[in-house]
file entry_17.cif (mmCIF, C-alpha atoms)
data_my_file
#
loop_
_atom_site.label_atom_id
_atom_site.label_comp_id
_atom_site.auth_asym_id
_atom_site.auth_seq_id
_atom_site.Cartn_x
_atom_site.Cartn_y
_atom_site.Cartn_z
CA MET A 1 303.53 35.06 281.98
CA LEU A 2 302.65 38.27 283.75
CA ILE A 3 301.15 39.70 280.58
CA LEU A 4 299.09 36.54 280.04
CA THR A 5 297.88 36.73 283.61
CA VAL A 6 296.87 40.36 283.14
CA ILE A 7 295.03 39.58 279.87
CA CYS A 8 293.20 36.68 281.48
CA GLY A 9 292.28 38.90 284.40
CA ILE A 10 290.92 41.60 282.07
CA ALA A 11 289.00 39.02 280.03
CA ALA A 12 287.54 37.53 283.20
CA ALA A 13 286.52 40.97 284.38
CA VAL A 14 284.88 41.76 281.01
CA PHE A 15 283.00 38.47 281.01
CA ALA A 16 281.93 39.09 284.57
CA VAL A 17 280.62 42.52 283.65
CA LEU A 18 278.80 41.15 280.54
CA TRP A 19 277.35 38.33 282.61
CA ALA A 20 276.15 40.81 285.23
CA LEU A 21 274.62 43.06 282.55
CA SER A 22 272.89 40.08 280.94
CA ARG A 23 271.45 39.08 284.30
CA LYS A 24 270.27 42.65 284.82
CA ASN A 25 268.67 42.68 281.34
CA LEU A 26 266.95 39.40 282.05
CA LYS A 27 265.77 40.61 285.45
CA ASN A 28 264.39 43.83 283.93
CA ALA A 29 262.66 41.86 281.14
CA VAL A 30 261.05 39.49 283.66
CA GLU A 31 259.82 42.42 285.76
CA GLU A 32 258.37 44.19 282.72
CA LEU A 33 256.61 41.02 281.55
CA HIS A 34 255.15 40.62 285.04
CA ARG A 35 253.77 44.18 284.95
CA ILE A 36 252.28 43.57 281.50
CA ARG A 37 250.72 40.30 282.66
CA MET A 38 249.15 42.13 285.60
CA GLY A 39 247.29 44.40 283.22
CA GLN A 40 249.63 47.33 282.61
CA THR A 41 248.99 47.42 278.87
CA GLY A 42 250.94 49.61 276.51
CA ARG A 43 254.27 48.79 278.17
CA ARG A 44 257.28 47.55 276.20
CA LEU A 45 260.40 45.65 277.18
CA ARG A 46 263.57 47.74 277.43
CA LEU A 47 267.26 46.87 277.84
CA ALA A 48 269.35 48.28 280.65
CA SER A 49 272.45 47.90 278.46
CA PRO A 50 273.25 46.97 274.82
CA ASP A 51 272.96 43.27 273.96
CA ARG A 52 272.34 42.13 270.38
CA GLN A 53 270.85 38.77 271.18
CA MET A 54 268.71 40.17 273.95
CA GLU A 55 267.65 42.99 271.64
CA ALA A 56 266.52 40.47 269.02
CA LEU A 57 264.63 38.44 271.63
CA ILE A 58 262.97 41.51 273.12
CA ALA A 59 262.00 42.79 269.67
CA GLU A 60 260.16 39.52 268.99
CA VAL A 61 258.46 39.66 272.39
CA ASN A 62 257.34 43.23 271.68
CA HIS A 63 255.90 42.10 268.34
CA LEU A 64 253.92 39.44 270.19
CA LEU A 65 252.70 42.06 272.65
CA ASP A 66 251.55 44.27 269.76
CA ASP A 67 249.70 41.33 268.20
CA GLN A 68 248.06 40.53 271.52
CA GLN A 69 246.90 44.11 272.02
CA ARG A 70 245.44 44.25 268.50
CA ALA A 71 243.65 40.95 269.11
CA GLU A 72 242.25 42.27 272.41
CA GLN A 73 241.04 45.47 270.74
CA ALA A 74 239.39 43.47 267.96
CA HIS A 75 237.75 41.23 270.55
CA ARG A 76 236.41 44.21 272.51
CA GLN A 77 235.06 45.75 269.31
CA ALA A 78 233.41 42.46 268.30
CA GLU A 79 231.85 42.16 271.76
CA LYS A 80 230.51 45.71 271.53
CA GLU A 81 229.04 45.03 268.09
CA ARG A 82 227.48 41.80 269.36
CA ARG A 83 225.87 43.60 272.31
CA ASP A 84 224.60 46.34 270.00
CA GLU A 85 223.15 43.75 267.62
CA ILE A 86 221.39 41.94 270.46
CA ALA A 87 219.94 45.24 271.66
CA ASN A 88 218.79 46.11 268.13
CA ILE A 89 217.27 42.68 267.57
CA SER A 90 215.44 42.89 270.89
CA HIS A 91 214.10 46.34 270.00
CA ASP A 92 212.94 45.32 266.54
CA LEU A 93 211.27 42.13 267.73
CA ARG A 94 209.63 43.82 270.71
CA THR A 95 208.09 46.66 268.66
CA PRO A 96 205.71 44.58 266.48
CA LEU A 97 205.04 42.10 269.29
CA THR A 98 204.00 44.89 271.65
CA SER A 99 201.74 46.33 268.97
CA ILE A 100 200.11 42.97 268.26
CA LEU A 101 199.47 42.31 271.96
CA GLY A 102 198.00 45.78 272.38
CA TYR A 103 195.49 45.34 269.57
CA LEU A 104 194.60 41.84 270.76
CA GLN A 105 193.69 43.36 274.12
CA LEU A 106 191.51 45.94 272.37
CA LEU A 107 189.73 43.12 270.50
CA GLN A 108 188.79 41.52 273.82
CA GLN A 109 186.92 44.61 275.02
CA ASP A 110 183.13 44.39 274.93
CA SER A 111 182.91 47.94 273.58
CA CYS A 112 184.83 47.00 270.42
CA THR A 113 182.61 47.60 267.37
CA PRO A 114 182.66 45.35 264.27
CA ALA A 115 184.40 48.11 262.28
CA GLU A 116 187.05 48.54 264.98
CA ARG A 117 187.47 44.79 265.25
CA LYS A 118 188.13 44.58 261.51
CA GLU A 119 190.62 47.45 261.70
CA TYR A 120 192.47 45.97 264.68
CA LEU A 121 192.69 42.57 263.04
CA GLN A 122 194.13 44.14 259.88
CA ILE A 123 196.72 46.08 261.87
CA SER A 124 197.67 42.96 263.84
CA GLU A 125 198.04 41.00 260.63
CA ASN A 126 200.30 43.68 259.14
CA ARG A 127 202.44 43.71 262.29
CA ALA A 128 202.68 39.92 262.20
CA LYS A 129 203.80 40.03 258.57
CA SER A 130 206.38 42.65 259.50
CA LEU A 131 207.65 40.36 262.26
CA GLN A 132 207.75 37.42 259.86
CA SER A 133 209.77 39.48 257.37
CA LEU A 134 212.14 40.57 260.11
CA LEU A 135 212.78 37.01 261.27
CA SER A 136 213.29 35.93 257.68
CA GLY A 137 215.84 38.70 257.25
CA PHE A 138 217.77 37.58 260.34
CA TYR A 139 217.80 34.02 259.05
CA ASP A 140 218.89 34.90 255.53
CA LEU A 141 221.67 37.20 256.71
CA SER A 142 223.02 34.57 259.10
CA ARG A 143 223.00 32.00 256.28
CA LEU A 144 224.81 34.38 253.94
CA GLU A 145 227.50 35.15 256.50
CA ALA A 146 227.91 31.46 257.39
CA GLY A 147 228.15 30.40 253.74
CA GLY A 148 224.93 28.40 253.88
CA TYR A 149 223.08 30.39 251.21
CA ARG A 150 223.46 28.45 247.94
CA LEU A 151 223.96 30.53 244.82
CA GLU A 152 224.23 29.20 241.27
CA LEU A 153 225.68 31.78 238.90
CA GLU A 154 224.43 31.74 235.32
CA PRO A 155 224.19 34.20 232.41
CA LEU A 156 221.13 36.42 232.97
CA ASP A 157 219.52 39.47 231.38
CA PRO A 158 218.53 41.64 234.36
CA ALA A 159 216.08 43.75 232.31
CA GLY A 160 213.38 41.08 232.41
CA ILE A 161 213.67 40.77 236.21
CA LEU A 162 213.48 44.56 236.67
CA PHE A 163 210.40 44.99 234.46
CA GLN A 164 208.65 42.07 236.20
CA LEU A 165 209.36 43.52 239.66
CA ALA A 166 208.10 46.94 238.56
CA ALA A 167 204.83 45.29 237.54
CA ASP A 168 204.64 43.24 240.75
CA TYR A 169 205.07 46.36 242.90
CA TYR A 170 202.76 48.58 240.86
CA ALA A 171 200.04 48.63 243.54
CA ASP A 172 202.65 49.40 246.22
CA PHE A 173 203.94 52.32 244.17
CA LEU A 174 200.39 53.67 243.91
CA ASP A 175 199.78 53.31 247.64
CA ALA A 176 203.04 55.11 248.42
CA GLY A 177 202.33 57.86 245.89
CA MET A 178 205.59 57.03 244.15
CA GLU A 179 206.24 57.08 240.42
CA PRO A 180 208.62 54.39 239.12
CA ARG A 181 210.77 55.40 236.17
CA LEU A 182 212.59 52.60 234.37
CA GLU A 183 215.26 54.27 232.28
CA ILE A 184 216.63 51.00 230.92
CA PRO A 185 216.36 49.32 227.53
CA GLN A 186 214.20 46.26 226.95
CA THR A 187 217.31 44.10 227.03
CA LEU A 188 220.55 44.62 228.91
CA PRO A 189 223.99 43.02 228.58
CA VAL A 190 224.06 39.52 230.01
CA ILE A 191 225.60 39.27 233.49
CA PHE A 192 226.68 36.42 235.77
CA ALA A 193 224.34 36.09 238.76
CA ASP A 194 222.00 33.78 240.61
CA ARG A 195 218.43 34.37 239.43
CA GLN A 196 216.80 34.31 242.87
CA GLY A 197 219.69 36.23 244.43
CA LEU A 198 219.54 38.95 241.76
CA SER A 199 215.79 39.22 242.14
CA ARG A 200 216.18 39.50 245.93
CA VAL A 201 218.72 42.34 245.54
CA PHE A 202 216.45 44.36 243.23
CA GLN A 203 213.39 43.57 245.37
CA ASN A 204 215.09 44.80 248.56
CA LEU A 205 216.18 48.01 246.84
CA ILE A 206 212.63 48.68 245.64
CA GLN A 207 211.25 47.98 249.12
CA ASN A 208 213.83 50.31 250.65
CA ALA A 209 212.76 53.11 248.29
CA LEU A 210 209.09 52.49 249.10
CA LYS A 211 209.77 52.75 252.84
CA HIS A 212 212.16 55.69 252.86
CA GLY A 213 212.07 57.31 249.41
CA GLY A 214 210.23 60.29 247.98
CA GLU A 215 207.85 60.66 245.07
CA ILE A 216 210.04 59.16 242.36
CA LEU A 217 212.14 56.02 242.03
CA THR A 218 214.40 56.01 238.97
CA ILE A 219 215.98 52.74 237.87
CA SER A 220 218.73 53.25 235.31
CA SER A 221 221.63 51.33 233.81
CA ARG A 222 225.13 52.09 232.59
CA GLU A 223 227.47 49.86 230.61
CA GLU A 224 231.18 49.72 231.42
CA PRO A 225 234.01 47.51 230.13
CA GLY A 226 233.40 44.16 231.78
CA TRP A 227 230.65 45.53 234.03
CA LEU A 228 226.98 46.53 234.02
CA ALA A 229 225.76 49.09 236.57
CA VAL A 230 222.11 49.12 237.64
CA CYS A 231 221.19 52.17 239.76
CA PHE A 232 218.23 52.95 242.01
CA SER A 233 217.74 56.68 242.72
CA ASN A 234 215.15 58.44 244.88
CA PRO A 235 214.90 61.74 246.80
CA ALA A 236 216.28 61.51 250.34
CA PRO A 237 216.33 65.05 251.77
CA GLU A 238 216.67 63.89 255.40
CA LEU A 239 219.65 61.64 254.70
CA SER A 240 223.12 62.90 255.64
CA GLU A 241 226.51 61.99 254.20
CA GLU A 242 227.27 60.13 257.42
CA ASP A 243 224.04 58.14 257.10
CA CYS A 244 224.84 57.36 253.48
CA ALA A 245 228.21 55.88 254.46
CA ARG A 246 226.48 53.50 256.90
CA LEU A 247 223.51 52.38 254.80
CA PHE A 248 224.80 48.84 254.37
CA ASP A 249 225.68 48.32 258.02
CA ARG A 250 223.59 45.68 259.72
CA PHE A 251 220.76 47.05 261.85
CA PHE A 252 221.34 50.65 260.74
CA THR A 253 218.46 52.88 259.72
CA ALA A 254 218.89 56.62 259.58
CA ASP A 255 215.37 57.23 260.92
CA ARG A 256 215.18 54.42 263.51
CA MET A 257 214.67 56.81 266.44
CA ARG A 258 212.40 59.19 264.54
CA THR A 259 209.97 56.73 263.00
CA GLY A 260 210.43 53.40 264.78
CA GLN A 261 211.21 51.67 261.49
CA ASN A 262 212.77 48.28 261.88
CA THR A 263 216.32 47.25 261.13
CA GLY A 264 218.30 47.97 258.00
CA LEU A 265 218.69 44.28 257.23
CA GLY A 266 217.39 44.74 253.69
CA LEU A 267 220.41 46.70 252.51
CA ALA A 268 222.80 44.53 254.52
CA ILE A 269 221.40 41.53 252.63
CA VAL A 270 221.81 43.43 249.35
CA LYS A 271 225.50 43.98 250.09
CA ALA A 272 226.08 40.38 251.16
CA LEU A 273 224.31 38.95 248.09
CA CYS A 274 226.12 41.28 245.68
CA GLU A 275 229.49 40.31 247.06
CA LYS A 276 228.62 36.59 247.08
CA MET A 277 227.77 36.85 243.36
CA GLY A 278 230.97 38.71 242.51
CA GLY A 279 229.23 42.08 242.22
CA ARG A 280 229.60 45.37 244.05
CA VAL A 281 227.25 47.86 245.65
CA SER A 282 227.75 51.46 246.75
CA ALA A 283 225.69 54.48 247.74
CA ARG A 284 226.11 58.19 247.08
CA LEU A 285 224.15 61.31 247.95
CA GLU A 286 224.00 64.15 245.44
CA SER A 287 221.67 67.15 245.77
CA ASP A 288 219.48 65.26 248.28
CA VAL A 289 219.08 62.33 245.88
CA LEU A 290 220.22 58.92 247.08
CA THR A 291 221.61 56.59 244.43
CA ILE A 292 222.36 52.98 245.24
CA GLU A 293 224.47 51.48 242.49
CA THR A 294 224.89 47.75 241.93
CA ARG A 295 227.62 46.59 239.56
CA TRP A 296 227.67 43.16 237.94
CA ARG A 297 230.26 41.26 235.93
CA ARG A 298 229.21 40.97 232.29
CA SER A 299 229.12 37.63 230.55
CA ALA A 300 231.54 37.32 227.62
CA ALA A 301 229.97 36.96 224.18
CA PRO A 302 230.05 33.47 222.59
CA GLY A 303 233.42 32.64 221.12
CA ARG A 304 235.28 35.21 223.19
#
call {"tool": "encode", "arguments": {"input": "entry_17.cif", "output": "structure tokens"}}
result
Amino acid sequence: MLILTVICGIAAAVFAVLWALSRKNLKNAVEELHRIRMGQTGRRLRLASPDRQMEALIAEVNHLLDDQQRAEQAHRQAEKERRDEIANISHDLRTPLTSILGYLQLLQQDSCTPAERKEYLQISENRAKSLQSLLSGFYDLSRLEAGGYRLELEPLDPAGILFQLAADYYADFLDAGMEPRLEIPQTLPVIFADRQGLSRVFQNLIQNALKHGGEILTISSREEPGWLAVCFSNPAPELSEEDCARLFDRFFTADRMRTGQNTGLGLAIVKALCEKMGGRVSARLESDVLTIETRWRRSAAPGR
């Protein structure tokens, strides 16, 4: 009986100690959670003494805390990007609008000659077209990202589209002093793409070269198993490797501050359209020559 009494006393003491330790663990956990809730980020729950069940619970709570911190960081980054985009949009809308208003004021002056009036009207018209193109780019990019841009993939030969665009932009090439070189055969392997979407991709790449390129634009092709690569290459001596890595970012232009050029929406739209059509796009800089490569899934031959 004495032994049983001693054992029961020891057991009671052990349970009392465990109960006290559990209460201490719970108290410490509550205090730590309160500190975290009050904004002391980066903290983690700790145990004052070993407890398997409490350890499992605290491990799960810590996982939740990690998830919350990642979500908060992602939210802060998204907010920063949104503010940057709003600032960029405001800048790029304000630039042509300010120019148009300035020339309209010049037109109202009595000293304005007929020749100056004609010149100012032409400049205002060009700025208005630039603004129209910019707004169209914003709209198209938002539709692409929201899934509202309808694309119907079909087998296409891109060679015909490329030759037609080269002819359409012939006068622009002359004005820019640029020589287009089409190093592609008359027919290319058939690819899966949307006709208007594919034309828009190639058109944006030509326009990008006309705005920022050098004296030569080379359009070439390369066949790979299952893929067709169409490349646009032009001299870009002022472009850096860092710039090259960001070419497809929305609102990025390497020479925005130097020249006042508008946003880089054209290449952002190229990337979005390529991906929507199952293609890929990349950029590389070699010996001061920028090459933008688009890759398209080839259509299987009949019977395959």
call {"tool": "resolve_selection", "arguments": {"input": "entry_17.cif", "expression": "the PyMOL selection byres ((chain A and resi 151) around 8)", "output": "MDAnalysis selection string"}}
result
chainID A and resid 149:150 152:153 194 197 276:277
call {"tool": "residues_around", "arguments": {"input": "entry_17.cif", "residues": "stretch 159-163 of chain A", "least_positions_apart": "5", "cutoff": "7 Å", "atoms": "only C-alpha atoms", "output": "MDAnalysis selection string"}}
result
chainID A and resid 186:188 199
call {"tool": "closest_residue", "arguments": {"input": "entry_17.cif", "among": "A:Ile100, A:Leu239, A:Leu265, A:Leu205", "to": "A:Ser136", "atoms": "all atoms listed in the file"}}
result
A:Leu265
call {"tool": "resolve_selection", "arguments": {"input": "entry_17.cif", "expression": "the PyMOL selection byres ((chain A and resi 103) around 8)", "output": "list in words"}}
result
Ser99, Ile100, Leu101, Gly102, Leu104, Gln105, Leu106, Leu107, Tyr120, Leu121, Ile123 and Ser124 of chain A
call {"tool": "closest_residue", "arguments": {"input": "entry_17.cif", "among": "A:Arg200, A:Arg94, A:Arg284, A:Arg181", "to": "A:Gly137", "atoms": "only C-alpha atoms"}}
result
A:Arg200
call {"tool": "resolve_selection", "arguments": {"input": "entry_17.cif", "expression": "the PyMOL selection byres ((chain A and resi 201) around 9)", "output": "list in words"}}
result
Gln196, Gly197, Leu198, Ser199, Arg200, Phe202, Gln203, Asn204, Leu205, Ile206, Gly266, Leu267, Ile269, Val270, Lys271, Leu273, Cys274 and Thr294 of chain A
call {"tool": "residues_around", "arguments": {"input": "entry_17.cif", "residues": "A:Leu210", "least_positions_apart": "6", "cutoff": "10 Å", "atoms": "all atoms listed in the file", "output": "MDAnalysis selection string"}}
result
chainID A and resid 169 172:173 175:178 204 216:217 234
call {"tool": "atom_distance", "arguments": {"input": "entry_17.cif", "atom1": "atom CA of A:Ala87", "atom2": "atom CA of A:Ala146"}}
result
21.4 Å
call {"tool": "atom_distance", "arguments": {"input": "entry_17.cif", "atom1": "atom CA of A:Leu135", "atom2": "atom CA of A:Glu79"}}
result
22.4 Å
call {"tool": "atom_distance", "arguments": {"input": "entry_17.cif", "atom1": "atom CA of A:Pro96", "atom2": "atom CA of A:Asn126"}}
result
9.2 Å
call {"tool": "residues_near_point", "arguments": {"input": "entry_17.cif", "point": "(213.4, 57.1, 249.3)", "cutoff": "9 Å", "atoms": "all atoms listed in the file", "output": "list in words"}}
result
Asn208, Ala209, Leu210, Lys211, His212, Gly213, Gly214, Glu215, Ile216, Leu217, Ser233, Asn234, Pro235, Ala236, Pro237, Val289 and Leu290 of chain A
call {"tool": "closest_residue", "arguments": {"input": "entry_17.cif", "among": "A:Leu285, A:Ala245, A:Ala193, A:Ala268", "to": "A:Leu156", "atoms": "all atoms listed in the file"}}
result
A:Ala193
call {"tool": "axis_aligned_box", "arguments": {"input": "entry_17.cif", "around": "stretch 146-164 of chain A", "padding_each_side": "8 Å", "output": "AutoDock Vina command-line options"}}
result
--center_x 218.4 --center_y 36.7 --center_z 244.4 --size_x 35.5 --size_y 32.6 --size_z 42.0
call {"tool": "closest_residue", "arguments": {"input": "entry_17.cif", "among": "A:Cys112, A:Leu131, A:Ala283, A:Ala78", "to": "A:Asp243", "atoms": "only C-alpha atoms"}}
result
A:Ala283
call {"tool": "build_atoms", "arguments": {"input": "entry_17.cif", "residues": "stretch 265-286 of chain A", "atoms": "N, CA and C atoms", "output": "compact mmCIF listing (two decimals), in the coordinates of the input"}}
result
# COMPACT_ATOMS: atom_id res chain seq x y z
N LEU A 265 218.20 45.56 257.74
CA LEU A 265 218.69 44.28 257.23
C LEU A 265 218.57 44.17 255.73
N GLY A 266 217.59 44.86 255.14
CA GLY A 266 217.39 44.74 253.69
C GLY A 266 218.61 45.13 252.89
N LEU A 267 219.23 46.25 253.24
CA LEU A 267 220.41 46.70 252.51
C LEU A 267 221.65 45.89 252.90
N ALA A 268 221.70 45.41 254.13
CA ALA A 268 222.80 44.53 254.52
C ALA A 268 222.76 43.24 253.70
N ILE A 269 221.56 42.73 253.46
CA ILE A 269 221.40 41.53 252.63
C ILE A 269 221.78 41.84 251.19
N VAL A 270 221.43 43.02 250.70
CA VAL A 270 221.81 43.43 249.35
C VAL A 270 223.33 43.38 249.20
N LYS A 271 224.04 43.95 250.15
CA LYS A 271 225.50 43.98 250.09
C LYS A 271 226.08 42.57 250.12
N ALA A 272 225.56 41.74 251.03
CA ALA A 272 226.08 40.38 251.16
C ALA A 272 225.83 39.57 249.88
N LEU A 273 224.63 39.70 249.31
CA LEU A 273 224.31 38.95 248.09
C LEU A 273 225.16 39.44 246.91
N CYS A 274 225.30 40.75 246.77
CA CYS A 274 226.12 41.28 245.68
C CYS A 274 227.54 40.73 245.74
N GLU A 275 228.12 40.77 246.92
CA GLU A 275 229.49 40.31 247.06
C GLU A 275 229.60 38.81 246.83
N LYS A 276 228.60 38.03 247.28
CA LYS A 276 228.62 36.59 247.08
C LYS A 276 228.55 36.25 245.59
N MET A 277 227.90 37.09 244.80
CA MET A 277 227.77 36.85 243.36
C MET A 277 228.86 37.55 242.55
N GLY A 278 229.87 38.07 243.22
CA GLY A 278 230.97 38.71 242.51
C GLY A 278 230.68 40.13 242.08
N GLY A 279 229.59 40.71 242.58
CA GLY A 279 229.23 42.08 242.22
C GLY A 279 229.68 43.07 243.28
N ARG A 280 229.25 44.30 243.11
CA ARG A 280 229.60 45.37 244.05
C ARG A 280 228.39 46.26 244.26
N VAL A 281 228.35 46.93 245.39
CA VAL A 281 227.25 47.86 245.65
C VAL A 281 227.82 49.06 246.40
N SER A 282 227.31 50.23 246.09
CA SER A 282 227.75 51.46 246.75
C SER A 282 226.59 52.44 246.79
N ALA A 283 226.73 53.46 247.62
CA ALA A 283 225.69 54.48 247.74
C ALA A 283 226.33 55.86 247.70
N ARG A 284 225.63 56.80 247.10
CA ARG A 284 226.11 58.19 247.08
C ARG A 284 224.92 59.13 247.20
N LEU A 285 225.19 60.31 247.74
CA LEU A 285 224.15 61.31 247.95
C LEU A 285 224.55 62.57 247.20
N GLU A 286 223.72 62.97 246.25
CA GLU A 286 224.00 64.15 245.44
C GLU A 286 222.74 64.99 245.33
